[in-house]
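*Asks:* For reference, the structure I am asking about is given below.
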Amino acid sequence: MRGGGEVTDAREGGGGGDAVRAQAVEAVTTRGHGMSAWRRFFTPAVLVWLGLAVLLFACLAVRETIHDPQLRAAGVKEATIVPDLWLPVFTFNGSTLLRIRGSDDLRVLTFGLTPAVVSDSPNPAAATDQAGKPARVTLGWFALFMVLVEGLLGLRYYGGDEKLVRPLVRAAGIFLVIWSFYGHEPFWDWLLHGIFPTSPDLLYNSNTVISLAGQHLTLVLVSSVITVAIGLALGIMVTRAEFREFLPLVSDVVNSGQTVPTLAIVAIMAPIIGFGFWPAIVALILYGLLPVVRNTIVGLEGVDPSMIDAARGMGMTASQILWQIEVPNASRIILAGVRTSVVINVGTAALGAYVGSGGFGNPIASGLNQAIQPWVLLGALSAALLAILLDYILGRVEYVMTPKGLIIER
Amino acid sequence: MIEFQNVVKQFPDGFRAVNGLSLTVHDGEITVLIGPSGCGKTTSMRMVNRLLSVTEGRITVEGRDNRDFPAEELRRKIGYAIQQIGLFPHMTVLDNIAVVPRMLGWEDDRIRKRVDDLLELTGLDPDVNRDKYPRQLSGGQQQRVGVARALGADPPIMLMDEPFGAIDPITREVLQDEFLEIQKRISKTIIFVTHDIDEAIKMGDRVAILREGTLVQYDTPDTLLARPKNRFVRDFVGADRQLKRLGLLRVRELMVKDSPVVSLRQSAEDARRAIESAGVKSAFVVDEDGVLRGWVDREGLRENPDSLLDAMSEGDFREIGVRQSATAREALSAMVARGFRITPVVNEKGVLVGNITLRALQELAEQGWAEGEPAS
Amino acid sequence: MRPPALEVRAIPNRIAMLGSAVAALGFFFLPVVTLKPNRISAGVPFNLLQFQGDYRYIVLFALALVPFMIAFRKDVGVRGWLLVIVGNLLMLLTLVLPAIAGQHLLANAKQYLGPNAFIQNPRLLPTGGLALGLVGGYVTLFAGLRDLERSGVQGWVRSLAAWLGVAFIFVLLVAGAFNIYSIMVEFHTNGALLQQKFVEHLMFVAVSLVVGFVVGVGLGLWASRDERMAPMILYAVGIIQTIPSLALFGVLLVPLARLGDMHFLPSLEVFAGTVVVAVAVGLAYRLVAGRLPSRVQTAALILVALIVAVPLVLFTGVFVSFVYRAARIGFGGGGGFGGIDNAILALVVVGLALWAGRRWLFKREGAFRLVLRIGYLLAYSGALVVLMVMMVRAAATDQFLGSVTSVQALTIRNLGVSGIGVAPALVALTLYSLLPLVRNTYAGLENVDNAIIDSGRGMGMTPAQIFFQIELPLAFPVIMAGVRNAGVALVGIGTVATVIGAGGLGDFVIQGIVNTSVDQILLGAIPAIALAMVLDAVLRFVEGLLTSPGIRHVQNT
């Protein structure tokens with residue numbers, strides 16, 4: 001797994017070349033002040049967003065005939081493959097296809113469709129549903145909005161080392177785009193039909209993609225929050241003088257815990273706790289703890305002892321030393337552990353399907369069982385996308401939260 | 001004033017690092033603790049701000065037992081600089097220096113001003129360096145920030161554990177000189193730990209030599225060199241202690257004004273007369289500003305009796321003179337190297353201010369030898 | 001002056017207290033075993049204090065409290081030995097005593113389970129109390145070993161003390177003392193199947209690891225020789241690692257199924273096409289990369305990495321599947337472990353010989369370099385010979401290509417590639433092994449002190465000499481650490497491969513979930529854990545053997 005190598009060695013830099021490098025850093029940060037505002041606005045990221053916007057608008061012209069029997073039965077015959085912006089991130093509750101059909105609540109299905117298509121729908125309930133719906137924004141406009149945001153940020157911080165707003169704004173933008181695609185069934189229909197033109201089944205029959213994404217993300221987020229809380233506390237505790245004697249024991253357990261297969265941890269929870277959400281959560285926490293605890297320990301142990309000596313000598317209390325000196329200096333390694341843990345959790349959560357916890361594992365497991373390849377691919381692609389997305393976002397968070405003084409000249 | 005009273009430090013594994021140390025550190029002085037490794041010098045220093053606890057005896061700071069204060073409060077009143085510097089890499093230079101002032105609740109304006117003053121004092125341009133991170137600084141700059149940080153809240157007392165130990169010899173000399181200059185202005189009570197006898201002699205107002213946790217000799221550097229108490233001290237300060245002693249004396253204090261001086265405007269005849277009347281072999285030549293330009297001797301005047309310019313040996317004042325701020329040891333070295341028995345002394349601008357003779361230096365060294373040799 | 005008698009300061013051993021508490025609380029609050037009437041039905045839990053009429057089992061509970069009392073002793077050395085003994089005893093008795101008590105429970109199953117229970121092959125399911133008893137014993141043992149370490153007991157004595165209890169338990173296990181437990185019942189009913197699945201698991205892990213080693217070390221070398229390629233390669237293998245295993249199996253299913261349908265000769269053209277594209281794109285990127293702004297460069301990098309990965313994955317996929325197929329057939333035949341027995345035996349003999357001769361091998365400075373090279377040579381030629389023997393044996397059977405008689409009729413599926421089955425597992429596992437291998441190879445080579453290389457160059461060594469005599473030996477422990485990490489990870493991920501029909505130990509786990517049978521889950525999980533640990537130990541041994549004594553102190557993760 002990724003864990004081992006994230007634990008980078010944190011040897012102290014220093015020596016003659018520093019001054020030169022410092023000058024180089026300065027040169028980089030002041031570069032571009034002479035450029036025109038126009039050129040400063042169009043950063044590479046802006047160009048990418050702009051390209052995306054053009055692409056999305058162009059794709060609006062593509063009218064995709066829906067092939068999935070479920071969607072057709074729900075009255076959706078034709079749609080664009082470009083979703084609308086999907087803002088209500090957690091509206092997946094109880095929104096399975098069956099229920100939606102039962103209650104005529106088409107919101108989940110049609111949220112991404114253009115109005116023309118909805119009005120084509122033979123279902124009168126869908127038309128009346130129009131009135132109460134929130135305003136829709138097609139994703140192209142959102143991409144243009146991001147062009148503006150990124151461009152203005154570029155103007156404000158051109159070539160600078162701003163490392164709070166920009167990375168997070170970009171991460172949020174990317175998340176919303178991908179999340180919107182999760183919420184747009186016609187896109188998946190188009191994609192899967194393209195790959196399996198002859199397959200009668202395309203979309204997973206017992207849940208929408210967005211609800212699967214929601215379940216998956218909930219599993220990962222809930223478990224990760226608990227994991228990080230426990231892992232940090234444990235890692236900090238065993239590196240304090242009062243509990244240091246437990247350090248070898250904890251390290252030993254953390255290292256040998258690696259040999260237990262994730263599937264076994266997930267599996268063993270079912271007979272003990274039962275099927276559903278919680279066994280998966282417990283398994284995710286247990287396995288996710290390993291990288292967090294290990295990296296917390298390695299990070300805190302790697303803090304230069306002379307720094308702590310200096311801090312003590314200056315009259316800092318033990319808790320001041322921990323929170324103002326040790327944790328910031330170990331933050332890089334700790335955050336890398338958190339990132340690894342979350343990414344591992346995305347994978348383990350997929351296995352949760354076998355103990356009934358939902359998520360993208362469901363279409364994969366059902367698809368493999370019933371030999372329906374589109375379902376397998378749907379789940380696999382979505383899960384892989386989610387893992388890469390979370391890895392990227394956490395990478396940005398890691399970058400933002402690592403003190404600047406530790407990143408410089410590396 | 002810091003006083004060690006029969007201090008004993010025994011570690012949990014039974015090792016007695018300090019064994020009955022009694023020592024008085026005087027206000028406004030640099031007291032150097034020195035000795036071979038394992039002699040307890042760092043341990044003794046770390047007990048002052050209670051980074052280590054005292055096993056027996058007590059340490060008083062300004063008349064009060066240091067255990068009367070809460071440890072953190074005590075430490076905030078005592079500056080602390082170590083060899084590894086221990087700058088916090090995630091904080092800017094400003095934040096590093098502001099750590100203690102912030103803990104003491106200073107206002108931001110005051111902290112900022114204090115930081116700028118300290119950077120100024122330690123020879124770093126505040127505007128350039130304030131917002132840099134430690135990793136953007138060179139080793140010497142980092143050490144300056146370390147000293148500035150120790151001075152952060154203007155503590156009356158400072159503990160310095162080989163603060164210049166990890167720096168190259170040339171930068172170390174510079175930092176030592178600068179720190180002495182700073183100390184002249186701020187007059188802190190400083191305990192300075194080192195294992196380098198040259199540094200001890202240079203920096204210390206008083207030097208305490210420790211051995212296996214006990215005090216062997218506690219004296220001014222001059223006394224220490226002139227009259228080492230026993231063989232251990234004599235070996236420790238080294239066989240060249242007489243030379244080292246010369247290192248303590250400044251040329252300024254030794255120079256005399258007995259050599260004739262002639263101006264470039266004067267004639268060769270004037271020069272000969274001056275030399276003869278003084279009964280010496282040569283005279284120094286200066287220009288109208290009093291800047292040393294060379295020297296002229298009897299032989300030269302004999303060969304060129306008409307022109308002083310032709311008769312004299314010209315030379316840059318940096319090459320032929322010694323500065324009045326140089327140590328006697330440097331002067332001796334220069335004279336031996338150039339083969340002079342007498343050498344001119346100049347100030348920073350090259351103005352001749354006096355002269356110093358080899359004989360004077362020799363006598364000084366011999367005097368110490370005679371006085372210092374112990375009977376046994 | 002250090003005083004002669006160094007008395008280690010004796011603070012209470014809190015680890016021992018923890019162990020004691022875990023075991024005691026477990027015994028007190030949780031059932032030790034559950035009596036099950038048959039494989040499926042729920043049973044009746046039994047607390048340790050509930051073994052009717054047999055109050056001697058209280059002894060176990062009392063034993064759990066002993067470490068707590070020992071923990072306060074001041075004499076660290078004696079305390080350590082006491083704790084080691086009690087810890088071993090606690091683990092042993094936690095397993096043995098309930099097994100003895102269980103005889104009574106089984107004999108009177110009707111009485112305990114009620115008259116309506118469908119009793120068929122009743123068994124004892126070990127539960128929480130027993131697990132915590134073992135954990136408590138382990139923690140106590142650990143506490144004792146720490147004390148022994150502090151009081152200066154030699155390493156091998158400590159190892160012996162640590163493994164003695166486990167060895168004894170193993171002996172009892174083999175002797176059948178624990179046959180009463182449900183997992184052992186399961187083991188005896190499924191023994192032959194377990195053996196087969198274990199071999200399967202071992203095979204696909206080993207094949208993926210070997211292929212992954214070749215590819216990964218190659219990529220790592222490339223990355224370390226080519227600065228511009230390094231971020232690309234590391235990024236690509238990093239991305240693979242973030243993809244969930246289940247998802248990767250799923251994603252591979254479709255392309256591999258289609259690949260399997262292709263005929264061999266046209267597939268070569270396709271492959272050549274992807275290679276050309278990848279090389280062209282890679283070269284183009286290398287040319288322009290330096291001139292691009294850093295952010296564009298990153299974006300381009302991702303794209304290029306994906307394109308370059310295509311032929312790599314294709315080739316690796318076919319290659320690894322082919323090797324596996326050849327290995328299965330080549331080593332198969334004899335039933336059970338088949339030819340693997342001999343291969344393992346040969347490896348063990350070679351390993352022991354190397355170990356026995358290690359002093360002689362490493363003693364002389366000059367000899368070391370030579371020996372290292374001979375070692376590599378032996379390893380490689382050995383592997384080659386084994387591979388060739390395998391191929392010959394495989395070719396000698398007609399299983400290999402079946403009815404295919406001409407190249408035109410040959411499909412990729414004949415080479416072992418298919419969407420469902422072992423092929424996606426092999427490809428996925430190989431891909432997963434890349435990150436630790438590439439990263440460690442790269443890091444190991446990058447971290448070799450430049451001064452050392454410089455002095456080598458200064459002495460007039462050629463680049464090849466520098467690589468083989470300086471860089472490789474110095475980077476070796478780090479590379480081997482990567483192999484270990486990869487191996488341990490693959491054993492774990494390999495269990496998931498059951499879902500795409502690759503078999504292996506995961507079969508038991510998934511079946512166990514379906515049947516809610518802890519026994520079946522453990523029947524898959526425990527051998528997997530054991531395999532991971534043994535693999536780790538073996539690779540550590542090899543690493544120690546081939547690492548210069550001069551750099552053996554190097555710690556690696």
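Residue numbering restarts at 1 in every chain; chains get A, B, ... in the order shown in the structure tokens, and ligands count up from 1 in that same order.
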Using DSSP on the backbone coordinates, identify all residues within stretch 69-250 of chain B classified as helix (DSSP H, G or I); present the result as number ranges by chain.

*Replies:* B: 71-76, 93-97, 99-103, 108-121, 126-129, 134-136, 139-150, 169-186, 197-203, 221-226, 231-237, 241-248

*Asks:* Give the residues of chain A that lie within 8 Å of chain C; count only C-alpha atoms, and format the answer as number ranges by chain.

*Replies:* A: 1-2, 4-5, 44-45, 245-246, 249, 258-264, 267-268, 270-271, 343-344, 346-348, 350-351, 354-355, 361, 364-365, 368, 373, 376-377, 379-381, 383-385, 387-388, 391

*Asks:* How many Å lie between atom CA of C:Leu312 and atom CA of C:Val407, rounded to one decimal?

*Replies:*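 Computed distance, atom CA of C:Leu312 to atom CA of C:Val407, equals 23.6 Å.
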
*Asks:* Name all residues at most 7 Å from C:Thr430 (count only C-alpha atoms; drop same-chain ones fewer than 6 positions away) and give them as a PyMOL selection string.

*Replies:* chain C and resi 208-209+211-212

*Asks:* For the selection just defined, write its residues with N, CA and C atoms to a file, as a PDB file, in the first residue's frame.

*Replies:*
```
ATOM      1  N   SER C 208       2.796 -12.551 -10.039  1.00  0.00           N
ATOM      2  CA  SER C 208       2.650 -11.094 -10.162  1.00  0.00           C
ATOM      3  C   SER C 208       3.850 -10.392  -9.557  1.00  0.00           C
ATOM      4  N   LEU C 209       4.331 -10.914  -8.433  1.00  0.00           N
ATOM      5  CA  LEU C 209       5.449 -10.254  -7.764  1.00  0.00           C
ATOM      6  C   LEU C 209       6.710 -10.331  -8.618  1.00  0.00           C
ATOM      7  N   VAL C 211       6.918 -10.748 -11.948  1.00  0.00           N
ATOM      8  CA  VAL C 211       6.776  -9.875 -13.112  1.00  0.00           C
ATOM      9  C   VAL C 211       6.813  -8.412 -12.674  1.00  0.00           C
ATOM     10  N   GLY C 212       6.097  -8.134 -11.571  1.00  0.00           N
ATOM     11  CA  GLY C 212       6.114  -6.777 -11.038  1.00  0.00           C
ATOM     12  C   GLY C 212       7.525  -6.338 -10.697  1.00  0.00           C
TER      13      GLY C 212
END
```

*Asks:* Just give me the gap between atom CA of C:Ala101 and atom CA of C:Tyr57 in Å, one decimal is fine.

*Replies:* 8.0 Å

*Asks:* List as number ranges by chain the protein and nucleic acid residues near stretch 348-352 of chain B, meaning an atom at most 10 Å away when only C-alpha atoms are counted, but skip any in the same chain fewer than 4 places from it.

*Replies:* B: 257, 261, 284-287, 289-293, 316-318, 321-325, 344

*Asks:* Atom CA of C:Lys36 and atom CA of C:Leu124, how far apart in Å?

*Replies:*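 Here the two named atoms are 6.1 Å from each other.
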
*Asks:* Can I get the residues of chain B within 10 Å of chain C, each with the closest pair of atoms and their distance in Å to one decimal, using only C-alpha atoms, sorted chain first then ascending number, as JSON lines?

*Replies:*
```
{"residue": "B:Pro12", "atom": "CA", "partner": "C:Arg9", "partner_atom": "CA", "distance": 6.6}
{"residue": "B:Asp13", "atom": "CA", "partner": "C:Leu6", "partner_atom": "CA", "distance": 6.2}
{"residue": "B:Gly14", "atom": "CA", "partner": "C:Leu6", "partner_atom": "CA", "distance": 6.6}
{"residue": "B:Phe15", "atom": "CA", "partner": "C:Arg2", "partner_atom": "CA", "distance": 5.1}
{"residue": "B:Arg16", "atom": "CA", "partner": "C:Met1", "partner_atom": "CA", "distance": 7.0}
{"residue": "B:Ala17", "atom": "CA", "partner": "C:Met1", "partner_atom": "CA", "distance": 8.0}
{"residue": "B:Gly38", "atom": "CA", "partner": "C:Met1", "partner_atom": "CA", "distance": 9.0}
{"residue": "B:Cys39", "atom": "CA", "partner": "C:Met1", "partner_atom": "CA", "distance": 9.5}
{"residue": "B:Glu212", "atom": "CA", "partner": "C:Met1", "partner_atom": "CA", "distance": 6.8}
{"residue": "B:Gly213", "atom": "CA", "partner": "C:Met1", "partner_atom": "CA", "distance": 9.0}
```

*Asks:* Just to be explicit: take each residue in the selection above, keep N, CA and C atoms, and write the result as a PDB file, in the first residue's frame.

*Replies:*
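The resulting file, out_29.pdb, is reproduced below:
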```
ATOM      1  N   PRO B  12      19.009   9.326  36.504  1.00  0.00           N
ATOM      2  CA  PRO B  12      18.333   8.103  36.965  1.00  0.00           C
ATOM      3  C   PRO B  12      19.210   6.863  36.852  1.00  0.00           C
ATOM      4  N   ASP B  13      20.101   6.831  35.856  1.00  0.00           N
ATOM      5  CA  ASP B  13      20.950   5.646  35.732  1.00  0.00           C
ATOM      6  C   ASP B  13      22.139   5.680  36.684  1.00  0.00           C
ATOM      7  N   GLY B  14      22.161   6.655  37.561  1.00  0.00           N
ATOM      8  CA  GLY B  14      23.190   6.689  38.592  1.00  0.00           C
ATOM      9  C   GLY B  14      24.384   7.562  38.261  1.00  0.00           C
ATOM     10  N   PHE B  15      24.446   8.040  37.033  1.00  0.00           N
ATOM     11  CA  PHE B  15      25.586   8.850  36.622  1.00  0.00           C
ATOM     12  C   PHE B  15      25.535  10.228  37.281  1.00  0.00           C
ATOM     13  N   ARG B  16      26.631  10.574  37.966  1.00  0.00           N
ATOM     14  CA  ARG B  16      26.690  11.876  38.619  1.00  0.00           C
ATOM     15  C   ARG B  16      27.370  12.857  37.669  1.00  0.00           C
ATOM     16  N   ALA B  17      26.594  13.664  37.022  1.00  0.00           N
ATOM     17  CA  ALA B  17      27.155  14.577  36.028  1.00  0.00           C
ATOM     18  C   ALA B  17      27.778  15.792  36.698  1.00  0.00           C
ATOM     19  N   GLY B  38      31.627  15.456  28.968  1.00  0.00           N
ATOM     20  CA  GLY B  38      31.242  14.696  30.139  1.00  0.00           C
ATOM     21  C   GLY B  38      31.615  15.362  31.448  1.00  0.00           C
ATOM     22  N   CYS B  39      32.067  16.632  31.385  1.00  0.00           N
ATOM     23  CA  CYS B  39      32.489  17.303  32.613  1.00  0.00           C
ATOM     24  C   CYS B  39      31.326  17.958  33.325  1.00  0.00           C
ATOM     25  N   GLU B 212      34.845  16.388  35.543  1.00  0.00           N
ATOM     26  CA  GLU B 212      34.046  15.369  36.212  1.00  0.00           C
ATOM     27  C   GLU B 212      33.083  15.961  37.227  1.00  0.00           C
ATOM     28  N   GLY B 213      32.413  17.004  36.819  1.00  0.00           N
ATOM     29  CA  GLY B 213      31.359  17.560  37.654  1.00  0.00           C
ATOM     30  C   GLY B 213      31.824  18.461  38.769  1.00  0.00           C
TER      31      GLY B 213
END
```

*Asks:* I need the chain B residues near chain A as a ChimeraX atom specification; criterion: at most 9 Å, counting only C-alpha atoms.

*Replies:* /B:46,49-51,71-92,99-100,103,132-139,150

*Asks:* Hey, can you spit out that residue selection with N, CA and C atoms as a compact mmCIF listing (two decimals), in the first residue's frame?

*Replies:*
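The resulting again-v5.txt:
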```txt
# COMPACT_ATOMS: atom_id res chain seq x y z
N ARG B 46 21.98 23.69 32.02
CA ARG B 46 20.57 23.34 31.85
C ARG B 46 19.81 23.28 33.17
N ASN B 49 17.90 27.01 34.07
CA ASN B 49 16.51 27.27 33.71
C ASN B 49 15.64 26.02 33.88
N ARG B 50 16.16 25.10 34.68
CA ARG B 50 15.41 23.93 35.10
C ARG B 50 14.98 23.02 33.97
N LEU B 51 15.76 23.02 32.88
CA LEU B 51 15.54 21.98 31.88
C LEU B 51 15.94 20.65 32.49
N ALA B 71 8.48 26.50 36.35
CA ALA B 71 9.57 26.29 35.40
C ALA B 71 9.40 27.13 34.13
N GLU B 72 8.18 27.11 33.55
CA GLU B 72 7.99 27.82 32.28
C GLU B 72 8.23 29.32 32.45
N GLU B 73 7.72 29.85 33.59
CA GLU B 73 7.87 31.29 33.84
C GLU B 73 9.36 31.66 33.95
N LEU B 74 10.07 30.80 34.66
CA LEU B 74 11.51 31.02 34.82
C LEU B 74 12.20 31.06 33.46
N ARG B 75 11.87 30.07 32.63
CA ARG B 75 12.55 29.95 31.34
C ARG B 75 12.25 31.14 30.44
N ARG B 76 11.05 31.70 30.56
CA ARG B 76 10.72 32.84 29.70
C ARG B 76 11.54 34.07 30.07
N LYS B 77 12.08 34.06 31.30
CA LYS B 77 12.89 35.20 31.72
C LYS B 77 14.36 35.00 31.42
N ILE B 78 14.69 33.83 30.90
CA ILE B 78 16.09 33.51 30.64
C ILE B 78 16.25 33.18 29.15
N GLY B 79 17.11 33.92 28.49
CA GLY B 79 17.34 33.64 27.07
C GLY B 79 18.06 32.32 26.90
N TYR B 80 17.82 31.64 25.76
CA TYR B 80 18.38 30.30 25.59
C TYR B 80 18.79 30.12 24.14
N ALA B 81 20.08 29.90 23.92
CA ALA B 81 20.56 29.67 22.55
C ALA B 81 21.43 28.43 22.55
N ILE B 82 21.22 27.55 21.56
CA ILE B 82 21.95 26.29 21.53
C ILE B 82 22.69 26.11 20.22
N GLN B 83 23.60 25.15 20.24
CA GLN B 83 24.44 24.91 19.06
C GLN B 83 23.62 24.58 17.82
N GLN B 84 22.58 23.72 17.99
CA GLN B 84 21.77 23.31 16.83
C GLN B 84 20.78 24.40 16.44
N ILE B 85 20.82 25.52 17.14
CA ILE B 85 19.96 26.68 16.91
C ILE B 85 18.51 26.36 17.22
N GLY B 86 17.98 25.30 16.59
CA GLY B 86 16.61 24.92 16.89
C GLY B 86 15.60 25.95 16.46
N LEU B 87 15.86 26.63 15.34
CA LEU B 87 14.84 27.55 14.81
C LEU B 87 13.65 26.72 14.36
N PHE B 88 12.46 27.30 14.45
CA PHE B 88 11.25 26.58 14.04
C PHE B 88 11.04 26.82 12.55
N PRO B 89 11.21 25.79 11.73
CA PRO B 89 11.21 26.01 10.28
C PRO B 89 9.85 26.42 9.75
N HIS B 90 8.78 26.15 10.49
CA HIS B 90 7.45 26.49 9.98
C HIS B 90 7.06 27.92 10.33
N MET B 91 7.93 28.63 11.06
CA MET B 91 7.62 30.01 11.42
C MET B 91 8.59 30.94 10.69
N THR B 92 8.12 32.16 10.42
CA THR B 92 9.02 33.12 9.81
C THR B 92 10.02 33.59 10.87
N VAL B 99 8.37 34.45 19.68
CA VAL B 99 7.74 33.38 20.47
C VAL B 99 7.60 33.77 21.94
N VAL B 100 8.70 34.14 22.56
CA VAL B 100 8.64 34.45 24.00
C VAL B 100 7.85 35.74 24.26
N MET B 103 4.29 34.87 24.26
CA MET B 103 3.86 34.13 25.45
C MET B 103 3.73 35.06 26.64
N LYS B 132 11.24 36.07 6.08
CA LYS B 132 11.82 34.86 5.50
C LYS B 132 11.63 33.69 6.44
N TYR B 133 11.76 32.49 5.87
CA TYR B 133 11.72 31.29 6.69
C TYR B 133 13.15 30.83 6.95
N PRO B 134 13.36 30.16 8.10
CA PRO B 134 14.72 29.77 8.45
C PRO B 134 15.47 29.05 7.33
N ARG B 135 14.75 28.22 6.56
CA ARG B 135 15.46 27.46 5.53
C ARG B 135 15.94 28.33 4.38
N GLN B 136 15.49 29.59 4.36
CA GLN B 136 15.97 30.48 3.31
C GLN B 136 17.23 31.22 3.75
N LEU B 137 17.67 30.95 4.98
CA LEU B 137 18.84 31.66 5.51
C LEU B 137 20.07 30.76 5.48
N SER B 138 21.25 31.39 5.45
CA SER B 138 22.48 30.62 5.56
C SER B 138 22.71 30.25 7.02
N GLY B 139 23.68 29.36 7.24
CA GLY B 139 23.94 28.92 8.61
C GLY B 139 24.27 30.07 9.55
N ALA B 150 16.91 34.42 21.34
CA ALA B 150 17.23 34.29 22.75
C ALA B 150 17.08 35.64 23.46
```

*Asks:* Which of these, C:Ala23, C:Leu505, C:Leu83, C:Leu259, has the shortest distance to C:Gly416 once you count only C-alpha atoms?

*Replies:*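 Closest residue, counting only C-alpha atoms: C:Leu259.
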
*Asks:* Using only C-alpha atoms, which of the listed residues (B:Met158, B:Val216, B:Val128, B:Ile186) sits closest to B:Leu23?

*Replies:* B:Val216

*Asks:* As an MDAnalysis selection string, please: the residues near A:Pro291 (cut-off 8 Å, only C-alpha atoms, same-chain neighbours under 5 positions excluded).

*Replies:* chainID A and resid 3 337:338 340:341

*Asks:* Just the selected residues (C-alpha atoms), exported as an mmCIF file, in the first residue's frame, please.

*Replies:*
```cif
data_model
loop_
_atom_site.group_PDB
_atom_site.id
_atom_site.type_symbol
_atom_site.label_atom_id
_atom_site.label_comp_id
_atom_site.auth_asym_id
_atom_site.auth_seq_id
_atom_site.Cartn_x
_atom_site.Cartn_y
_atom_site.Cartn_z
ATOM 1 C CA GLY A 3 1.844 3.992 3.417
ATOM 2 C CA GLY A 337 -0.958 9.340 6.333
ATOM 3 C CA VAL A 338 -4.484 10.737 6.420
ATOM 4 C CA THR A 340 -3.338 7.309 2.330
ATOM 5 C CA SER A 341 -5.891 6.223 4.877
#
```

*Asks:* Residues within 6 Å of C:Val32, please, as number ranges by chain. Count only C-alpha atoms; anything in the same chain fewer than 4 positions from it doesn't count.

*Replies:* C: 46-48, 127, 129-130

*Asks:* Within 12 Å of C:Met232, counting only C-alpha atoms, which residues show up once you throw out same-chain ones fewer than 6 positions away? Write them as an MDAnalysis selection string, please.

*Replies:* chainID C and resid 219:220 222:224 226 238:239 282 285:286 289 297:309 438
